[in-house]
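Structure file coords.cif (mmCIF, N, CA and C atoms) is printed below.
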data_model
loop_
_atom_site.label_atom_id
_atom_site.label_comp_id
_atom_site.auth_asym_id
_atom_site.auth_seq_id
_atom_site.Cartn_x
_atom_site.Cartn_y
_atom_site.Cartn_z
N MET A 1 -17.50 -22.18 5.22
CA MET A 1 -16.10 -22.53 5.12
C MET A 1 -15.26 -21.39 5.71
N LYS A 2 -14.40 -21.70 6.65
CA LYS A 2 -13.57 -20.71 7.30
C LYS A 2 -12.32 -20.42 6.49
N LYS A 3 -12.00 -19.14 6.39
CA LYS A 3 -10.77 -18.76 5.71
C LYS A 3 -9.60 -18.96 6.65
N GLN A 4 -8.48 -19.31 6.08
CA GLN A 4 -7.26 -19.44 6.86
C GLN A 4 -6.53 -18.10 6.81
N PRO A 5 -6.26 -17.51 7.98
CA PRO A 5 -5.66 -16.17 8.00
C PRO A 5 -4.36 -16.06 7.20
N ALA A 6 -3.51 -17.07 7.29
CA ALA A 6 -2.24 -17.00 6.56
C ALA A 6 -2.47 -17.02 5.05
N VAL A 7 -3.41 -17.82 4.61
CA VAL A 7 -3.72 -17.89 3.17
C VAL A 7 -4.36 -16.59 2.72
N THR A 8 -5.27 -16.07 3.53
CA THR A 8 -5.92 -14.80 3.20
C THR A 8 -4.90 -13.68 3.07
N GLU A 9 -3.99 -13.59 4.03
CA GLU A 9 -2.99 -12.52 3.99
C GLU A 9 -2.05 -12.70 2.80
N GLN A 10 -1.71 -13.93 2.47
CA GLN A 10 -0.83 -14.17 1.32
C GLN A 10 -1.54 -13.78 0.02
N THR A 11 -2.83 -14.09 -0.08
CA THR A 11 -3.60 -13.72 -1.27
C THR A 11 -3.65 -12.20 -1.40
N ARG A 12 -3.95 -11.52 -0.30
CA ARG A 12 -3.99 -10.06 -0.33
C ARG A 12 -2.61 -9.49 -0.71
N ALA A 13 -1.55 -10.06 -0.15
CA ALA A 13 -0.19 -9.60 -0.47
C ALA A 13 0.11 -9.80 -1.96
N ASN A 14 -0.30 -10.93 -2.50
CA ASN A 14 -0.06 -11.20 -3.92
C ASN A 14 -0.82 -10.21 -4.81
N LEU A 15 -2.05 -9.91 -4.44
CA LEU A 15 -2.84 -8.94 -5.21
C LEU A 15 -2.23 -7.54 -5.10
N ARG A 16 -1.78 -7.17 -3.91
CA ARG A 16 -1.14 -5.86 -3.73
C ARG A 16 0.15 -5.76 -4.55
N THR A 17 0.93 -6.84 -4.53
CA THR A 17 2.19 -6.85 -5.30
C THR A 17 1.91 -6.71 -6.79
N ALA A 18 0.91 -7.45 -7.27
CA ALA A 18 0.55 -7.37 -8.69
C ALA A 18 0.09 -5.95 -9.04
N PHE A 19 -0.76 -5.38 -8.18
CA PHE A 19 -1.21 -4.01 -8.42
C PHE A 19 -0.01 -3.06 -8.45
N TRP A 20 0.87 -3.21 -7.46
CA TRP A 20 1.98 -2.27 -7.35
C TRP A 20 2.89 -2.33 -8.57
N SER A 21 3.10 -3.52 -9.10
CA SER A 21 3.95 -3.63 -10.29
C SER A 21 3.28 -2.94 -11.49
N LEU A 22 1.97 -3.04 -11.57
CA LEU A 22 1.24 -2.35 -12.64
C LEU A 22 1.24 -0.84 -12.41
N TYR A 23 1.11 -0.43 -11.17
CA TYR A 23 1.08 0.98 -10.81
C TYR A 23 2.38 1.69 -11.17
N GLN A 24 3.47 0.97 -11.16
CA GLN A 24 4.75 1.55 -11.54
C GLN A 24 4.82 1.79 -13.05
N GLU A 25 3.94 1.13 -13.78
CA GLU A 25 3.92 1.26 -15.24
C GLU A 25 2.91 2.28 -15.74
N LYS A 26 1.81 2.46 -14.99
CA LYS A 26 0.74 3.33 -15.47
C LYS A 26 -0.14 3.79 -14.32
N PRO A 27 -0.96 4.82 -14.56
CA PRO A 27 -1.81 5.34 -13.49
C PRO A 27 -2.91 4.36 -13.09
N THR A 28 -3.42 4.55 -11.90
CA THR A 28 -4.47 3.69 -11.37
C THR A 28 -5.66 3.63 -12.31
N SER A 29 -6.01 4.73 -12.91
CA SER A 29 -7.19 4.78 -13.80
C SER A 29 -7.04 3.87 -15.01
N LYS A 30 -5.82 3.47 -15.33
CA LYS A 30 -5.58 2.61 -16.50
C LYS A 30 -5.38 1.14 -16.11
N ILE A 31 -5.43 0.83 -14.82
CA ILE A 31 -5.23 -0.54 -14.34
C ILE A 31 -6.58 -1.22 -14.18
N THR A 32 -6.69 -2.43 -14.69
CA THR A 32 -7.94 -3.17 -14.57
C THR A 32 -7.81 -4.31 -13.55
N VAL A 33 -8.95 -4.72 -13.04
CA VAL A 33 -8.97 -5.86 -12.12
C VAL A 33 -8.42 -7.09 -12.84
N ARG A 34 -8.76 -7.24 -14.09
CA ARG A 34 -8.28 -8.39 -14.88
C ARG A 34 -6.75 -8.41 -14.93
N GLU A 35 -6.13 -7.27 -15.15
CA GLU A 35 -4.66 -7.21 -15.19
C GLU A 35 -4.06 -7.62 -13.85
N ILE A 36 -4.65 -7.13 -12.78
CA ILE A 36 -4.14 -7.47 -11.44
C ILE A 36 -4.26 -8.96 -11.19
N THR A 37 -5.43 -9.50 -11.45
CA THR A 37 -5.64 -10.93 -11.15
C THR A 37 -4.83 -11.82 -12.07
N ASP A 38 -4.68 -11.44 -13.32
CA ASP A 38 -3.83 -12.23 -14.22
C ASP A 38 -2.39 -12.24 -13.72
N ARG A 39 -1.90 -11.09 -13.32
CA ARG A 39 -0.52 -10.99 -12.86
C ARG A 39 -0.33 -11.74 -11.54
N ALA A 40 -1.34 -11.73 -10.68
CA ALA A 40 -1.24 -12.38 -9.37
C ALA A 40 -1.57 -13.87 -9.44
N GLY A 41 -2.23 -14.30 -10.52
CA GLY A 41 -2.58 -15.72 -10.66
C GLY A 41 -3.88 -16.10 -9.98
N TYR A 42 -4.81 -15.16 -9.89
CA TYR A 42 -6.12 -15.43 -9.29
C TYR A 42 -7.21 -15.08 -10.28
N ASN A 43 -8.44 -15.42 -9.91
CA ASN A 43 -9.56 -15.00 -10.75
C ASN A 43 -10.17 -13.72 -10.18
N ARG A 44 -11.03 -13.11 -10.96
CA ARG A 44 -11.62 -11.84 -10.55
C ARG A 44 -12.46 -11.97 -9.29
N ALA A 45 -13.12 -13.08 -9.11
CA ALA A 45 -13.94 -13.29 -7.91
C ALA A 45 -13.09 -13.21 -6.65
N THR A 46 -11.88 -13.72 -6.71
CA THR A 46 -10.98 -13.65 -5.55
C THR A 46 -10.66 -12.20 -5.23
N PHE A 47 -10.38 -11.40 -6.24
CA PHE A 47 -10.11 -9.98 -6.03
C PHE A 47 -11.25 -9.33 -5.28
N TYR A 48 -12.48 -9.59 -5.71
CA TYR A 48 -13.65 -8.94 -5.13
C TYR A 48 -13.99 -9.44 -3.72
N LEU A 49 -13.35 -10.50 -3.28
CA LEU A 49 -13.49 -10.91 -1.88
C LEU A 49 -12.83 -9.90 -0.94
N TYR A 50 -11.82 -9.21 -1.45
CA TYR A 50 -11.00 -8.33 -0.62
C TYR A 50 -11.15 -6.85 -0.94
N TYR A 51 -11.49 -6.51 -2.18
CA TYR A 51 -11.51 -5.12 -2.62
C TYR A 51 -12.74 -4.84 -3.46
N ARG A 52 -13.26 -3.59 -3.36
CA ARG A 52 -14.41 -3.19 -4.18
C ARG A 52 -14.00 -2.97 -5.63
N ASP A 53 -12.83 -2.34 -5.78
CA ASP A 53 -12.32 -2.01 -7.11
C ASP A 53 -10.84 -1.68 -6.99
N VAL A 54 -10.25 -1.26 -8.08
CA VAL A 54 -8.82 -0.94 -8.10
C VAL A 54 -8.51 0.23 -7.16
N TYR A 55 -9.40 1.20 -7.10
CA TYR A 55 -9.18 2.36 -6.23
C TYR A 55 -9.22 1.97 -4.76
N ASP A 56 -10.09 1.03 -4.41
CA ASP A 56 -10.15 0.54 -3.03
C ASP A 56 -8.83 -0.13 -2.66
N LEU A 57 -8.29 -0.92 -3.55
CA LEU A 57 -6.99 -1.56 -3.31
C LEU A 57 -5.91 -0.50 -3.11
N PHE A 58 -5.88 0.49 -3.99
CA PHE A 58 -4.90 1.57 -3.86
C PHE A 58 -5.05 2.29 -2.52
N GLU A 59 -6.27 2.61 -2.16
CA GLU A 59 -6.51 3.33 -0.90
C GLU A 59 -6.10 2.50 0.31
N GLN A 60 -6.32 1.20 0.25
CA GLN A 60 -5.91 0.34 1.37
C GLN A 60 -4.39 0.29 1.50
N ILE A 61 -3.69 0.22 0.38
CA ILE A 61 -2.21 0.25 0.43
C ILE A 61 -1.75 1.57 1.02
N GLU A 62 -2.30 2.65 0.52
CA GLU A 62 -1.94 3.98 0.99
C GLU A 62 -2.22 4.12 2.49
N GLN A 63 -3.39 3.63 2.95
CA GLN A 63 -3.75 3.75 4.36
C GLN A 63 -2.83 2.90 5.24
N GLU A 64 -2.46 1.71 4.77
CA GLU A 64 -1.53 0.87 5.53
C GLU A 64 -0.19 1.57 5.72
N ILE A 65 0.29 2.23 4.67
CA ILE A 65 1.56 2.96 4.77
C ILE A 65 1.43 4.11 5.77
N LEU A 66 0.37 4.89 5.64
CA LEU A 66 0.17 6.02 6.54
C LEU A 66 0.01 5.57 7.99
N ASP A 67 -0.73 4.49 8.21
CA ASP A 67 -0.91 3.97 9.57
C ASP A 67 0.42 3.51 10.16
N ASP A 68 1.20 2.81 9.35
CA ASP A 68 2.49 2.31 9.82
C ASP A 68 3.44 3.45 10.14
N VAL A 69 3.49 4.43 9.26
CA VAL A 69 4.35 5.61 9.51
C VAL A 69 3.87 6.33 10.77
N GLY A 70 2.57 6.48 10.92
CA GLY A 70 2.02 7.13 12.10
C GLY A 70 2.39 6.41 13.38
N ARG A 71 2.30 5.08 13.37
CA ARG A 71 2.68 4.30 14.55
C ARG A 71 4.15 4.48 14.87
N LEU A 72 5.00 4.41 13.87
CA LEU A 72 6.43 4.58 14.10
C LEU A 72 6.75 5.97 14.64
N VAL A 73 6.11 6.96 14.09
CA VAL A 73 6.34 8.33 14.56
C VAL A 73 5.87 8.47 16.00
N ASP A 74 4.67 7.98 16.29
CA ASP A 74 4.14 8.07 17.66
C ASP A 74 5.04 7.34 18.66
N GLN A 75 5.51 6.17 18.27
CA GLN A 75 6.33 5.36 19.19
C GLN A 75 7.75 5.89 19.30
N GLY A 76 8.28 6.42 18.22
CA GLY A 76 9.69 6.80 18.23
C GLY A 76 9.96 8.28 18.35
N LEU A 77 9.15 9.10 17.71
CA LEU A 77 9.45 10.53 17.69
C LEU A 77 8.65 11.34 18.70
N MET A 78 7.49 10.87 19.07
CA MET A 78 6.61 11.70 19.88
C MET A 78 6.65 11.35 21.37
N ARG A 79 7.64 10.65 21.80
CA ARG A 79 7.75 10.30 23.22
C ARG A 79 8.20 11.47 24.07
N GLN A 80 8.78 12.45 23.44
CA GLN A 80 9.27 13.61 24.17
C GLN A 80 8.42 14.82 23.79
N GLU A 81 8.54 15.87 24.55
CA GLU A 81 7.75 17.07 24.28
C GLU A 81 8.18 17.78 23.00
N THR A 82 9.46 17.71 22.67
CA THR A 82 9.95 18.36 21.46
C THR A 82 10.57 17.33 20.55
N LEU A 83 10.59 17.65 19.28
CA LEU A 83 11.21 16.77 18.30
C LEU A 83 12.66 17.16 18.12
N ASP A 84 13.53 16.19 18.24
CA ASP A 84 14.95 16.42 17.99
C ASP A 84 15.37 15.40 16.95
N PHE A 85 15.32 15.83 15.68
CA PHE A 85 15.58 14.89 14.59
C PHE A 85 16.99 14.31 14.64
N SER A 86 17.93 15.02 15.23
CA SER A 86 19.29 14.48 15.31
C SER A 86 19.33 13.21 16.16
N GLN A 87 18.42 13.09 17.11
CA GLN A 87 18.38 11.89 17.94
C GLN A 87 17.56 10.78 17.30
N HIS A 88 16.84 11.10 16.23
CA HIS A 88 15.93 10.13 15.63
C HIS A 88 16.29 9.77 14.19
N MET A 89 17.51 10.01 13.80
CA MET A 89 17.90 9.72 12.42
C MET A 89 17.74 8.24 12.08
N GLY A 90 17.97 7.36 13.04
CA GLY A 90 17.80 5.93 12.80
C GLY A 90 16.36 5.61 12.41
N LEU A 91 15.40 6.18 13.10
CA LEU A 91 13.99 5.95 12.78
C LEU A 91 13.64 6.56 11.42
N ILE A 92 14.15 7.74 11.16
CA ILE A 92 13.89 8.39 9.88
C ILE A 92 14.46 7.55 8.74
N LEU A 93 15.65 7.04 8.91
CA LEU A 93 16.25 6.16 7.89
C LEU A 93 15.44 4.88 7.73
N GLN A 94 14.98 4.32 8.84
CA GLN A 94 14.16 3.10 8.79
C GLN A 94 12.89 3.34 7.98
N LEU A 95 12.23 4.47 8.20
CA LEU A 95 11.03 4.81 7.44
C LEU A 95 11.36 4.97 5.95
N ALA A 96 12.45 5.67 5.68
CA ALA A 96 12.84 5.89 4.28
C ALA A 96 13.14 4.57 3.58
N GLN A 97 13.82 3.66 4.25
CA GLN A 97 14.14 2.37 3.65
C GLN A 97 12.90 1.50 3.49
N ARG A 98 12.06 1.49 4.48
CA ARG A 98 10.87 0.63 4.45
C ARG A 98 9.95 1.00 3.29
N TYR A 99 9.83 2.29 3.02
CA TYR A 99 8.89 2.74 2.00
C TYR A 99 9.56 3.29 0.76
N ASP A 100 10.81 2.94 0.57
CA ASP A 100 11.57 3.40 -0.58
C ASP A 100 10.89 3.06 -1.91
N ALA A 101 10.28 1.91 -2.00
CA ALA A 101 9.64 1.49 -3.25
C ALA A 101 8.27 2.14 -3.44
N TYR A 102 7.68 2.65 -2.38
CA TYR A 102 6.33 3.18 -2.45
C TYR A 102 6.27 4.70 -2.61
N VAL A 103 6.99 5.40 -1.77
CA VAL A 103 6.86 6.86 -1.72
C VAL A 103 7.17 7.52 -3.07
N PRO A 104 8.26 7.18 -3.74
CA PRO A 104 8.50 7.84 -5.03
C PRO A 104 7.36 7.62 -6.02
N GLN A 105 6.76 6.44 -5.99
CA GLN A 105 5.64 6.18 -6.89
C GLN A 105 4.40 6.98 -6.49
N LEU A 106 4.15 7.04 -5.18
CA LEU A 106 2.98 7.79 -4.70
C LEU A 106 3.13 9.28 -4.99
N MET A 107 4.35 9.76 -5.00
CA MET A 107 4.60 11.17 -5.24
C MET A 107 4.88 11.45 -6.73
N GLY A 108 4.99 10.40 -7.52
CA GLY A 108 5.36 10.55 -8.92
C GLY A 108 4.20 10.87 -9.84
N PRO A 109 4.39 10.67 -11.13
CA PRO A 109 3.40 11.08 -12.12
C PRO A 109 2.08 10.33 -12.01
N HIS A 110 2.09 9.14 -11.40
CA HIS A 110 0.85 8.38 -11.28
C HIS A 110 0.11 8.74 -10.01
N GLY A 111 0.82 9.30 -9.06
CA GLY A 111 0.28 9.89 -7.85
C GLY A 111 -1.02 9.36 -7.30
N ASP A 112 -1.60 10.11 -6.41
CA ASP A 112 -2.86 9.77 -5.77
C ASP A 112 -4.00 10.01 -6.76
N PRO A 113 -4.84 9.01 -7.00
CA PRO A 113 -5.91 9.18 -7.98
C PRO A 113 -6.90 10.27 -7.59
N SER A 114 -7.03 10.58 -6.33
CA SER A 114 -7.98 11.62 -5.91
C SER A 114 -7.50 13.00 -6.32
N SER A 115 -6.21 13.14 -6.59
CA SER A 115 -5.70 14.44 -7.00
C SER A 115 -5.68 14.59 -8.53
N ALA A 116 -6.07 13.55 -9.26
CA ALA A 116 -6.04 13.60 -10.72
C ALA A 116 -7.02 14.62 -11.27
N SER A 117 -8.13 14.82 -10.58
CA SER A 117 -9.13 15.77 -11.07
C SER A 117 -8.85 17.19 -10.62
N ALA A 118 -7.87 17.36 -9.74
CA ALA A 118 -7.57 18.70 -9.21
C ALA A 118 -6.81 19.53 -10.20
#
So, in terms of structure tokens, how does the structure I just supplied come out?
Amino acid sequence: MKKQPAVTEQTRANLRTAFWSLYQEKPTSKITVREITDRAGYNRATFYLYYRDVYDLFEQIEQEILDDVGRLVDQGLMRQETLDFSQHMGLILQLAQRYDAYVPQLMGPHGDPSSASA
């Protein structure tokens, strides 16, 4: 049975949204797959089609953000030999607005789970 790309992406988006809402409430180590799937309206088997565990989901979200920021920086800021932030304030504002809901959480008390043991 072939997956439909639009349905697959919507399912992944719903799982990410459910995770993110839980992540704003508590650290990744306290979030369960059951909580994510209950909040997103799926069963656990659906979650495991896309992610190994909660940490894999977190890492994929984090990597998507970093990749997107990297692309924007490469396309917008790195076209010249030197960086002139005064000419790139629009791009900087765009990045800040796009990730406004994510960055404070990633930098906040729940932070990156890999730094929890540090």
Practice task
Evaluate the PyMOL selection byres (((chain A and resi 39-51 and name CA) around 10) and name CA) on the structure here and hand back the selected residues as a ChimeraX atom specification.
Solution key: /A:8,11-19,21-22,33-38,52-60
Looking only at alpha helix (DSSP H) from DSSP on the backbone, list the matching residues of stretch 36-85 of chain A as a compact mmCIF listing (two decimals) with N, CA and C atoms, keeping the file's coordinate frame.
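Done, and the output landed in part_38.txt:
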# COMPACT_ATOMS: atom_id res chain seq x y z
N ILE A 36 -4.65 -7.13 -12.78
CA ILE A 36 -4.14 -7.47 -11.44
C ILE A 36 -4.26 -8.96 -11.19
N THR A 37 -5.43 -9.50 -11.45
CA THR A 37 -5.64 -10.93 -11.15
C THR A 37 -4.83 -11.82 -12.07
N ASP A 38 -4.68 -11.44 -13.32
CA ASP A 38 -3.83 -12.23 -14.22
C ASP A 38 -2.39 -12.24 -13.72
N ARG A 39 -1.90 -11.09 -13.32
CA ARG A 39 -0.52 -10.99 -12.86
C ARG A 39 -0.33 -11.74 -11.54
N ALA A 40 -1.34 -11.73 -10.68
CA ALA A 40 -1.24 -12.38 -9.37
C ALA A 40 -1.57 -13.87 -9.44
N ARG A 44 -11.03 -13.11 -10.96
CA ARG A 44 -11.62 -11.84 -10.55
C ARG A 44 -12.46 -11.97 -9.29
N ALA A 45 -13.12 -13.08 -9.11
CA ALA A 45 -13.94 -13.29 -7.91
C ALA A 45 -13.09 -13.21 -6.65
N THR A 46 -11.88 -13.72 -6.71
CA THR A 46 -10.98 -13.65 -5.55
C THR A 46 -10.66 -12.20 -5.23
N PHE A 47 -10.38 -11.40 -6.24
CA PHE A 47 -10.11 -9.98 -6.03
C PHE A 47 -11.25 -9.33 -5.28
N TYR A 48 -12.48 -9.59 -5.71
CA TYR A 48 -13.65 -8.94 -5.13
C TYR A 48 -13.99 -9.44 -3.72
N LEU A 49 -13.35 -10.50 -3.28
CA LEU A 49 -13.49 -10.91 -1.88
C LEU A 49 -12.83 -9.90 -0.94
N TYR A 50 -11.82 -9.21 -1.45
CA TYR A 50 -11.00 -8.33 -0.62
C TYR A 50 -11.15 -6.85 -0.94
N VAL A 54 -10.25 -1.26 -8.08
CA VAL A 54 -8.82 -0.94 -8.10
C VAL A 54 -8.51 0.23 -7.16
N TYR A 55 -9.40 1.20 -7.10
CA TYR A 55 -9.18 2.36 -6.23
C TYR A 55 -9.22 1.97 -4.76
N ASP A 56 -10.09 1.03 -4.41
CA ASP A 56 -10.15 0.54 -3.03
C ASP A 56 -8.83 -0.13 -2.66
N LEU A 57 -8.29 -0.92 -3.55
CA LEU A 57 -6.99 -1.56 -3.31
C LEU A 57 -5.91 -0.50 -3.11
N PHE A 58 -5.88 0.49 -3.99
CA PHE A 58 -4.90 1.57 -3.86
C PHE A 58 -5.05 2.29 -2.52
N GLU A 59 -6.27 2.61 -2.16
CA GLU A 59 -6.51 3.33 -0.90
C GLU A 59 -6.10 2.50 0.31
N GLN A 60 -6.32 1.20 0.25
CA GLN A 60 -5.91 0.34 1.37
C GLN A 60 -4.39 0.29 1.50
N ILE A 61 -3.69 0.22 0.38
CA ILE A 61 -2.21 0.25 0.43
C ILE A 61 -1.75 1.57 1.02
N GLU A 62 -2.30 2.65 0.52
CA GLU A 62 -1.94 3.98 0.99
C GLU A 62 -2.22 4.12 2.49
N GLN A 63 -3.39 3.63 2.95
CA GLN A 63 -3.75 3.75 4.36
C GLN A 63 -2.83 2.90 5.24
N GLU A 64 -2.46 1.71 4.77
CA GLU A 64 -1.53 0.87 5.53
C GLU A 64 -0.19 1.57 5.72
N ILE A 65 0.29 2.23 4.67
CA ILE A 65 1.56 2.96 4.77
C ILE A 65 1.43 4.11 5.77
N LEU A 66 0.37 4.89 5.64
CA LEU A 66 0.17 6.02 6.54
C LEU A 66 0.01 5.57 7.99
N ASP A 67 -0.73 4.49 8.21
CA ASP A 67 -0.91 3.97 9.57
C ASP A 67 0.42 3.51 10.16
N ASP A 68 1.20 2.81 9.35
CA ASP A 68 2.49 2.31 9.82
C ASP A 68 3.44 3.45 10.14
N VAL A 69 3.49 4.43 9.26
CA VAL A 69 4.35 5.61 9.51
C VAL A 69 3.87 6.33 10.77
N GLY A 70 2.57 6.48 10.92
CA GLY A 70 2.02 7.13 12.10
C GLY A 70 2.39 6.41 13.38
N ARG A 71 2.30 5.08 13.37
CA ARG A 71 2.68 4.30 14.55
C ARG A 71 4.15 4.48 14.87
N LEU A 72 5.00 4.41 13.87
CA LEU A 72 6.43 4.58 14.10
C LEU A 72 6.75 5.97 14.64
Exercise for the section: Could you please determine the separation between atom N of A:Gln97 and atom CA of A:Asp67 in Å, to one decimal place? Expected result: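 Answer for the atom N of A:Gln97 to atom CA of A:Asp67 separation: 15.7 Å.
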Fill in the blank from the handout: note - atom N of A:Ile31 and atom N of A:Glu9 are separated by 23.8 Å
Practice task
Using atom N of A:Arg71 and atom C of A:Leu91 as the two end points, give the distance in Å to one decimal.
Solution key: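 These atoms are spaced 11.6 Å apart.
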Could you give me stretch 3-23 of chain A completed to N, CA, C and O atoms, formatted as a compact mmCIF listing (two decimals), in the coordinates of the input?
# COMPACT_ATOMS: atom_id res chain seq x y z
N LYS A 3 -12.00 -19.14 6.39
CA LYS A 3 -10.77 -18.76 5.71
C LYS A 3 -9.60 -18.96 6.65
O LYS A 3 -9.71 -18.79 7.85
N GLN A 4 -8.48 -19.31 6.08
CA GLN A 4 -7.26 -19.44 6.86
C GLN A 4 -6.53 -18.10 6.81
O GLN A 4 -6.21 -17.60 5.73
N PRO A 5 -6.26 -17.51 7.98
CA PRO A 5 -5.66 -16.17 8.00
C PRO A 5 -4.36 -16.06 7.20
O PRO A 5 -4.14 -15.07 6.51
N ALA A 6 -3.51 -17.07 7.29
CA ALA A 6 -2.24 -17.00 6.56
C ALA A 6 -2.47 -17.02 5.05
O ALA A 6 -1.81 -16.29 4.30
N VAL A 7 -3.41 -17.82 4.61
CA VAL A 7 -3.72 -17.89 3.17
C VAL A 7 -4.36 -16.59 2.72
O VAL A 7 -4.02 -16.04 1.66
N THR A 8 -5.27 -16.07 3.53
CA THR A 8 -5.92 -14.80 3.20
C THR A 8 -4.90 -13.68 3.07
O THR A 8 -4.92 -12.92 2.10
N GLU A 9 -3.99 -13.59 4.03
CA GLU A 9 -2.99 -12.52 3.99
C GLU A 9 -2.05 -12.70 2.80
O GLU A 9 -1.66 -11.72 2.16
N GLN A 10 -1.71 -13.93 2.47
CA GLN A 10 -0.83 -14.17 1.32
C GLN A 10 -1.54 -13.78 0.02
O GLN A 10 -0.94 -13.18 -0.87
N THR A 11 -2.83 -14.09 -0.08
CA THR A 11 -3.60 -13.72 -1.27
C THR A 11 -3.65 -12.20 -1.40
O THR A 11 -3.40 -11.65 -2.48
N ARG A 12 -3.95 -11.52 -0.30
CA ARG A 12 -3.99 -10.06 -0.33
C ARG A 12 -2.61 -9.49 -0.71
O ARG A 12 -2.52 -8.55 -1.50
N ALA A 13 -1.55 -10.06 -0.15
CA ALA A 13 -0.19 -9.60 -0.47
C ALA A 13 0.11 -9.80 -1.96
O ALA A 13 0.71 -8.93 -2.60
N ASN A 14 -0.30 -10.93 -2.50
CA ASN A 14 -0.06 -11.20 -3.92
C ASN A 14 -0.82 -10.21 -4.81
O ASN A 14 -0.29 -9.74 -5.82
N LEU A 15 -2.05 -9.91 -4.44
CA LEU A 15 -2.84 -8.94 -5.21
C LEU A 15 -2.23 -7.54 -5.10
O LEU A 15 -2.14 -6.82 -6.10
N ARG A 16 -1.78 -7.17 -3.91
CA ARG A 16 -1.14 -5.86 -3.73
C ARG A 16 0.15 -5.76 -4.55
O ARG A 16 0.42 -4.74 -5.17
N THR A 17 0.93 -6.84 -4.53
CA THR A 17 2.19 -6.85 -5.30
C THR A 17 1.91 -6.71 -6.79
O THR A 17 2.59 -5.96 -7.50
N ALA A 18 0.91 -7.45 -7.27
CA ALA A 18 0.55 -7.37 -8.69
C ALA A 18 0.09 -5.95 -9.04
O ALA A 18 0.50 -5.39 -10.06
N PHE A 19 -0.76 -5.38 -8.18
CA PHE A 19 -1.21 -4.01 -8.42
C PHE A 19 -0.01 -3.06 -8.45
O PHE A 19 0.11 -2.22 -9.33
N TRP A 20 0.87 -3.21 -7.46
CA TRP A 20 1.98 -2.27 -7.35
C TRP A 20 2.89 -2.33 -8.57
O TRP A 20 3.37 -1.30 -9.04
N SER A 21 3.10 -3.52 -9.10
CA SER A 21 3.95 -3.63 -10.29
C SER A 21 3.28 -2.94 -11.49
O SER A 21 3.95 -2.30 -12.30
N LEU A 22 1.97 -3.04 -11.57
CA LEU A 22 1.24 -2.35 -12.64
C LEU A 22 1.24 -0.84 -12.41
O LEU A 22 1.38 -0.05 -13.35
N TYR A 23 1.11 -0.43 -11.17
CA TYR A 23 1.08 0.98 -10.81
C TYR A 23 2.38 1.69 -11.17
O TYR A 23 2.40 2.87 -11.46
